[in-house]
Amino acid sequence: MRYVTISDIAKALNLSKSTVSRALHGDFMNVSEETRELVKRTAMEMGFRPNLSAANLRSRSTHVVGIVIPEIETSFYPMVIETAQARLKALGYSVVFAQSNENDKDELDNLNMMIDNHVDGILLSVCDGEKNKAFYESLIAQGMPLVLFDRHVANIKAPQVLSDDYNSSFFLAEELIRQGCSRIVHMRGPAGISNSVDRYNGYRDALAKWHVPYREELVVDGGVSFRDGEITAISLLDKGLVFDAVHAFTEMSLLGAKSIIQQHGMKIPQDILVACLSGTNLCKMVYPKVTAVEQDAVGMANKAVDILAGLIAGKNVACEPVYLPAQRIDRESTHRK
């Protein structure tokens with residue numbers, strides 16, 4: 001596609017390029033109002049679009065922020081993107097985003113793509129807290145404004161906006177125990193994700209507080225997808241393991257497990273209670289509705305954007321993690337009548 005240039009407009013109007021450029025930039029001191037209006041009208045008729053790349057090179061700013069997320073299975077990350085985009089637009093920034101499919105190599109490619117496009121800053125939710133850590137540190141050392149959100153990276157000099165995963169998991173497991181459950185399956189998240197560790201620790205410590213025996217065979221890899229959850233539940237049932245509740249790392253895997261449990265004739269909550277972290281509106285769309293801890297996606301997005309905007313503006317920003325409270329929504333899946 002050939003774009004209309006300032007030279008094309010100048011040629012069409014028999015004006016100098018400098019006059020056309022000044023007119024397009026509203027220079028009322030050096031260009032008459034009549035000429036400014038003529039140039040702007042002609043530019044519109046010819047389909048002229050300003051060369052933002054050239055302007056950005058002059059200003060050393062693209063006014064673009066990159067957002068990299070690990071997955072897009074549920075509505076949490078889309079809500080973060082939607083909220084962040086609206087907030088950034090109000091601050092004068094455009095957004096480019098990419099998802100990494102829970103793959104550290106894809107994440108690295110996405111980050112390099114952002115850098116190649118000269119974004120002013122990056123909001124990042126990591127796939128793995130360790131595999132690309134050296135690269136994150138190199139970005140920070142080079143002066144790239146970087147804010148991490150949702151997933152924690154240990155010992156890194158970057159601001160982080162997080163949910164209180166440990167306490168959310170602890171109190172969710174405690175609620176299952178209060179309901180009389182003593183053989184609680186924990187569907188663990190992928191290794192390398194800090195949330196997985198925090199949520200496992202919360203589950204384990206709740207058992208310890210209530211003197212419920214910890215059973216290693218009831219701690220299983222649950223993945224993050226619906227299919228992961230199906231596979232996990234099939235494996236549990238095929239092994240003949242006895243359990244009376246499921247405490248899951250995330251929503252989609254729990255919904256997959258719930259589907260298999262119900263297909264095998266077990267009733268929720270009469271036979272088995274189920275609950276998850278990282279719940280969204282999907283938990284209200286199934287039967288029975290699922291008890292879930294819901295993160296503050298809107299609050300997390302706005303806080304992360306505000307911190308990033310401060311970094312881009314050159315302000316001193318504390319690198320201590322900011323923890324936002326999450327809300328447990330009790331529903332039918334954990335309430336026996």
# chains A, B, ... in the order shown; residues from 1 in each chain; ligands from 1
$ residues_around --residues "range 256-267 of chain A" --least-positions-apart "3" --cutoff "9 Å" --atoms "only C-alpha atoms" --output "ChimeraX atom specification"
/A:222,225-234,237,246,251-253,270-274
$ residues_around --residues "Ala318 in chain A" --least-positions-apart "6" --cutoff "12 Å" --atoms "only C-alpha atoms" --output "PyMOL selection string"
chain A and resi 147+156-161+307-308+310-311
$ write_last_selection --atoms "C-alpha atoms" --output "mmCIF file, in the first residue's frame"
data_model
loop_
_atom_site.group_PDB
_atom_site.id
_atom_site.type_symbol
_atom_site.label_atom_id
_atom_site.label_comp_id
_atom_site.auth_asym_id
_atom_site.auth_seq_id
_atom_site.Cartn_x
_atom_site.Cartn_y
_atom_site.Cartn_z
ATOM 1 C CA VAL A 147 5.439 -3.908 36.039
ATOM 2 C CA ILE A 156 13.427 -8.910 41.331
ATOM 3 C CA LYS A 157 13.719 -5.132 41.339
ATOM 4 C CA ALA A 158 10.394 -4.431 39.671
ATOM 5 C CA PRO A 159 6.998 -3.365 41.009
ATOM 6 C CA GLN A 160 4.473 -6.197 41.291
ATOM 7 C CA VAL A 161 0.684 -6.062 41.706
ATOM 8 C CA ILE A 307 2.547 2.334 38.578
ATOM 9 C CA LEU A 308 3.748 1.858 34.992
ATOM 10 C CA GLY A 310 4.835 6.643 36.990
ATOM 11 C CA LEU A 311 7.842 4.630 35.809
#
$ atom_distance --atom1 "CA of Leu236 in chain A" --atom2 "CA of Val212 in chain A"
19.9 Å
$ atom_distance --atom1 "CA of Ile177 in chain A" --atom2 "CA of Gln295 in chain A"
22.2 Å
$ residues_around --residues "Ile72 in chain A" --least-positions-apart "5" --cutoff "12 Å" --atoms "only C-alpha atoms" --output "list in words"
Tyr77, Pro78, Met79, Val80, Ile81, Phe97, Ala98, Gln99, Ser100, Asn101, Glu102, Ser125, Val224, Ser225 and Met252 of chain A
$ atom_distance --atom1 "CA of Met285 in chain A" --atom2 "CA of Gly202 in chain A"
27.0 Å
$ residues_around --residues "Ser194 in chain A" --least-positions-apart "5" --cutoff "9 Å" --atoms "only C-alpha atoms" --output "VMD selection string"
chain A and resid 128 to 129 151 to 154 199
$ residues_around --residues "Gln85 in chain A" --least-positions-apart "2" --cutoff "10 Å" --atoms "only C-alpha atoms" --output "ChimeraX atom specification"
/A:65,67,79-83,87-91,93-97,301-302,305
$ write_last_selection --atoms "C-alpha atoms" --output "PDB file, in the first residue's frame"
ATOM      1  CA  VAL A  65       2.410   0.052  26.082  1.00  0.00           C
ATOM      2  CA  ILE A  67       0.821  -6.210  27.753  1.00  0.00           C
ATOM      3  CA  MET A  79     -10.832  -8.216  31.877  1.00  0.00           C
ATOM      4  CA  VAL A  80      -7.343  -7.061  32.888  1.00  0.00           C
ATOM      5  CA  ILE A  81      -6.571  -6.119  29.276  1.00  0.00           C
ATOM      6  CA  GLU A  82      -9.899  -4.332  28.788  1.00  0.00           C
ATOM      7  CA  THR A  83      -9.468  -2.308  31.977  1.00  0.00           C
ATOM      8  CA  ARG A  87      -6.980   3.415  31.587  1.00  0.00           C
ATOM      9  CA  LEU A  88      -3.999   3.717  29.244  1.00  0.00           C
ATOM     10  CA  LYS A  89      -6.134   5.344  26.553  1.00  0.00           C
ATOM     11  CA  ALA A  90      -7.172   7.997  29.065  1.00  0.00           C
ATOM     12  CA  LEU A  91      -3.463   8.601  29.699  1.00  0.00           C
ATOM     13  CA  TYR A  93      -1.300   5.470  25.266  1.00  0.00           C
ATOM     14  CA  SER A  94      -2.205   2.783  22.763  1.00  0.00           C
ATOM     15  CA  VAL A  95      -1.867  -0.901  23.641  1.00  0.00           C
ATOM     16  CA  VAL A  96      -0.391  -3.959  21.947  1.00  0.00           C
ATOM     17  CA  PHE A  97      -0.854  -7.275  23.715  1.00  0.00           C
ATOM     18  CA  ALA A 301      -5.204  -3.537  36.071  1.00  0.00           C
ATOM     19  CA  ASN A 302      -5.696   0.044  37.230  1.00  0.00           C
ATOM     20  CA  VAL A 305      -1.169   0.922  34.881  1.00  0.00           C
TER      21      VAL A 305
END
$ decode --residues "range 226-269 of chain A" --atoms "N, CA and C atoms" --output "mmCIF file, in the first residue's frame"
data_model
loop_
_atom_site.group_PDB
_atom_site.id
_atom_site.type_symbol
_atom_site.label_atom_id
_atom_site.label_comp_id
_atom_site.auth_asym_id
_atom_site.auth_seq_id
_atom_site.Cartn_x
_atom_site.Cartn_y
_atom_site.Cartn_z
ATOM 1 N N PHE A 226 -9.659 -26.774 30.858
ATOM 2 C CA PHE A 226 -10.795 -27.665 31.091
ATOM 3 C C PHE A 226 -10.376 -29.116 30.871
ATOM 4 N N ARG A 227 -9.639 -29.355 29.792
ATOM 5 C CA ARG A 227 -9.193 -30.711 29.493
ATOM 6 C C ARG A 227 -8.234 -31.224 30.556
ATOM 7 N N ASP A 228 -7.353 -30.343 31.068
ATOM 8 C CA ASP A 228 -6.460 -30.740 32.160
ATOM 9 C C ASP A 228 -7.269 -31.248 33.348
ATOM 10 N N GLY A 229 -8.332 -30.522 33.667
ATOM 11 C CA GLY A 229 -9.170 -30.920 34.792
ATOM 12 C C GLY A 229 -9.873 -32.244 34.555
ATOM 13 N N GLU A 230 -10.334 -32.466 33.335
ATOM 14 C CA GLU A 230 -10.966 -33.744 32.999
ATOM 15 C C GLU A 230 -9.985 -34.899 33.214
ATOM 16 N N ILE A 231 -8.770 -34.723 32.700
ATOM 17 C CA ILE A 231 -7.758 -35.772 32.809
ATOM 18 C C ILE A 231 -7.436 -36.051 34.273
ATOM 19 N N THR A 232 -7.336 -35.009 35.070
ATOM 20 C CA THR A 232 -7.032 -35.164 36.499
ATOM 21 C C THR A 232 -8.124 -35.963 37.197
ATOM 22 N N ALA A 233 -9.378 -35.600 36.942
ATOM 23 C CA ALA A 233 -10.491 -36.292 37.596
ATOM 24 C C ALA A 233 -10.580 -37.755 37.152
ATOM 25 N N ILE A 234 -10.372 -38.017 35.887
ATOM 26 C CA ILE A 234 -10.386 -39.396 35.390
ATOM 27 C C ILE A 234 -9.319 -40.222 36.102
ATOM 28 N N SER A 235 -8.129 -39.649 36.254
ATOM 29 C CA SER A 235 -7.039 -40.352 36.928
ATOM 30 C C SER A 235 -7.388 -40.649 38.388
ATOM 31 N N LEU A 236 -7.947 -39.673 39.091
ATOM 32 C CA LEU A 236 -8.333 -39.876 40.490
ATOM 33 C C LEU A 236 -9.350 -41.006 40.619
ATOM 34 N N LEU A 237 -10.351 -40.986 39.753
ATOM 35 C CA LEU A 237 -11.416 -41.985 39.835
ATOM 36 C C LEU A 237 -10.924 -43.365 39.410
ATOM 37 N N ASP A 238 -10.066 -43.406 38.390
ATOM 38 C CA ASP A 238 -9.527 -44.688 37.937
ATOM 39 C C ASP A 238 -8.672 -45.349 39.029
ATOM 40 N N LYS A 239 -8.009 -44.540 39.843
ATOM 41 C CA LYS A 239 -7.180 -45.079 40.923
ATOM 42 C C LYS A 239 -8.007 -45.500 42.134
ATOM 43 N N GLY A 240 -9.291 -45.153 42.108
ATOM 44 C CA GLY A 240 -10.157 -45.508 43.218
ATOM 45 C C GLY A 240 -9.913 -44.705 44.476
ATOM 46 N N LEU A 241 -9.318 -43.529 44.339
ATOM 47 C CA LEU A 241 -9.045 -42.698 45.510
ATOM 48 C C LEU A 241 -10.352 -42.150 46.086
ATOM 49 N N VAL A 242 -10.428 -42.165 47.392
ATOM 50 C CA VAL A 242 -11.620 -41.662 48.072
ATOM 51 C C VAL A 242 -11.378 -40.210 48.459
ATOM 52 N N PHE A 243 -12.286 -39.329 48.076
ATOM 53 C CA PHE A 243 -12.161 -37.921 48.450
ATOM 54 C C PHE A 243 -13.563 -37.331 48.597
ATOM 55 N N ASP A 244 -13.660 -36.302 49.428
ATOM 56 C CA ASP A 244 -14.966 -35.685 49.660
ATOM 57 C C ASP A 244 -15.022 -34.207 49.274
ATOM 58 N N ALA A 245 -13.908 -33.683 48.730
ATOM 59 C CA ALA A 245 -13.897 -32.294 48.279
ATOM 60 C C ALA A 245 -12.762 -32.088 47.289
ATOM 61 N N VAL A 246 -12.901 -31.059 46.460
ATOM 62 C CA VAL A 246 -11.852 -30.661 45.520
ATOM 63 C C VAL A 246 -11.578 -29.172 45.721
ATOM 64 N N HIS A 247 -10.311 -28.868 45.903
ATOM 65 C CA HIS A 247 -9.808 -27.497 46.111
ATOM 66 C C HIS A 247 -8.855 -27.249 44.944
ATOM 67 N N ALA A 248 -9.229 -26.368 44.014
ATOM 68 C CA ALA A 248 -8.509 -26.279 42.744
ATOM 69 C C ALA A 248 -7.770 -24.954 42.569
ATOM 70 N N PHE A 249 -6.631 -25.055 41.915
ATOM 71 C CA PHE A 249 -5.781 -23.896 41.624
ATOM 72 C C PHE A 249 -6.519 -22.847 40.800
ATOM 73 N N THR A 250 -7.325 -23.310 39.830
ATOM 74 C CA THR A 250 -7.974 -22.346 38.946
ATOM 75 C C THR A 250 -9.301 -22.881 38.426
ATOM 76 N N GLU A 251 -10.059 -21.982 37.867
ATOM 77 C CA GLU A 251 -11.452 -22.248 37.510
ATOM 78 C C GLU A 251 -11.626 -23.292 36.407
ATOM 79 N N MET A 252 -10.934 -23.113 35.288
ATOM 80 C CA MET A 252 -11.205 -23.980 34.145
ATOM 81 C C MET A 252 -10.884 -25.440 34.435
ATOM 82 N N SER A 253 -9.782 -25.684 35.143
ATOM 83 C CA SER A 253 -9.452 -27.072 35.458
ATOM 84 C C SER A 253 -10.477 -27.661 36.418
ATOM 85 N N LEU A 254 -10.970 -26.859 37.355
ATOM 86 C CA LEU A 254 -12.010 -27.368 38.262
ATOM 87 C C LEU A 254 -13.276 -27.717 37.495
ATOM 88 N N LEU A 255 -13.657 -26.856 36.549
ATOM 89 C CA LEU A 255 -14.880 -27.132 35.793
ATOM 90 C C LEU A 255 -14.748 -28.420 34.979
ATOM 91 N N GLY A 256 -13.533 -28.680 34.463
ATOM 92 C CA GLY A 256 -13.316 -29.950 33.769
ATOM 93 C C GLY A 256 -13.446 -31.130 34.706
ATOM 94 N N ALA A 257 -12.870 -31.018 35.902
ATOM 95 C CA ALA A 257 -12.970 -32.098 36.888
ATOM 96 C C ALA A 257 -14.414 -32.288 37.340
ATOM 97 N N LYS A 258 -15.098 -31.186 37.570
ATOM 98 C CA LYS A 258 -16.502 -31.234 37.993
ATOM 99 C C LYS A 258 -17.352 -31.981 36.970
ATOM 100 N N SER A 259 -17.097 -31.729 35.695
ATOM 101 C CA SER A 259 -17.861 -32.392 34.636
ATOM 102 C C SER A 259 -17.696 -33.911 34.696
ATOM 103 N N ILE A 260 -16.450 -34.374 34.886
ATOM 104 C CA ILE A 260 -16.189 -35.814 34.961
ATOM 105 C C ILE A 260 -16.818 -36.418 36.215
ATOM 106 N N ILE A 261 -16.688 -35.729 37.341
ATOM 107 C CA ILE A 261 -17.275 -36.214 38.594
ATOM 108 C C ILE A 261 -18.785 -36.424 38.433
ATOM 109 N N GLN A 262 -19.432 -35.469 37.813
ATOM 110 C CA GLN A 262 -20.886 -35.578 37.627
ATOM 111 C C GLN A 262 -21.238 -36.662 36.607
ATOM 112 N N GLN A 263 -20.407 -36.811 35.585
ATOM 113 C CA GLN A 263 -20.654 -37.868 34.605
ATOM 114 C C GLN A 263 -20.574 -39.253 35.238
ATOM 115 N N HIS A 264 -19.807 -39.384 36.309
ATOM 116 C CA HIS A 264 -19.665 -40.669 37.002
ATOM 117 C C HIS A 264 -20.739 -40.874 38.081
ATOM 118 N N GLY A 265 -21.750 -40.039 38.055
ATOM 119 C CA GLY A 265 -22.907 -40.245 38.918
ATOM 120 C C GLY A 265 -22.805 -39.675 40.309
ATOM 121 N N MET A 266 -21.716 -38.964 40.607
ATOM 122 C CA MET A 266 -21.586 -38.366 41.935
ATOM 123 C C MET A 266 -22.226 -36.981 41.936
ATOM 124 N N LYS A 267 -22.858 -36.654 43.042
ATOM 125 C CA LYS A 267 -23.590 -35.406 43.138
ATOM 126 C C LYS A 267 -22.784 -34.356 43.894
ATOM 127 N N ILE A 268 -22.889 -33.126 43.386
ATOM 128 C CA ILE A 268 -22.261 -31.973 44.019
ATOM 129 C C ILE A 268 -23.381 -31.064 44.528
ATOM 130 N N PRO A 269 -23.417 -30.749 45.815
ATOM 131 C CA PRO A 269 -22.426 -30.992 46.861
ATOM 132 C C PRO A 269 -22.742 -32.197 47.759
#
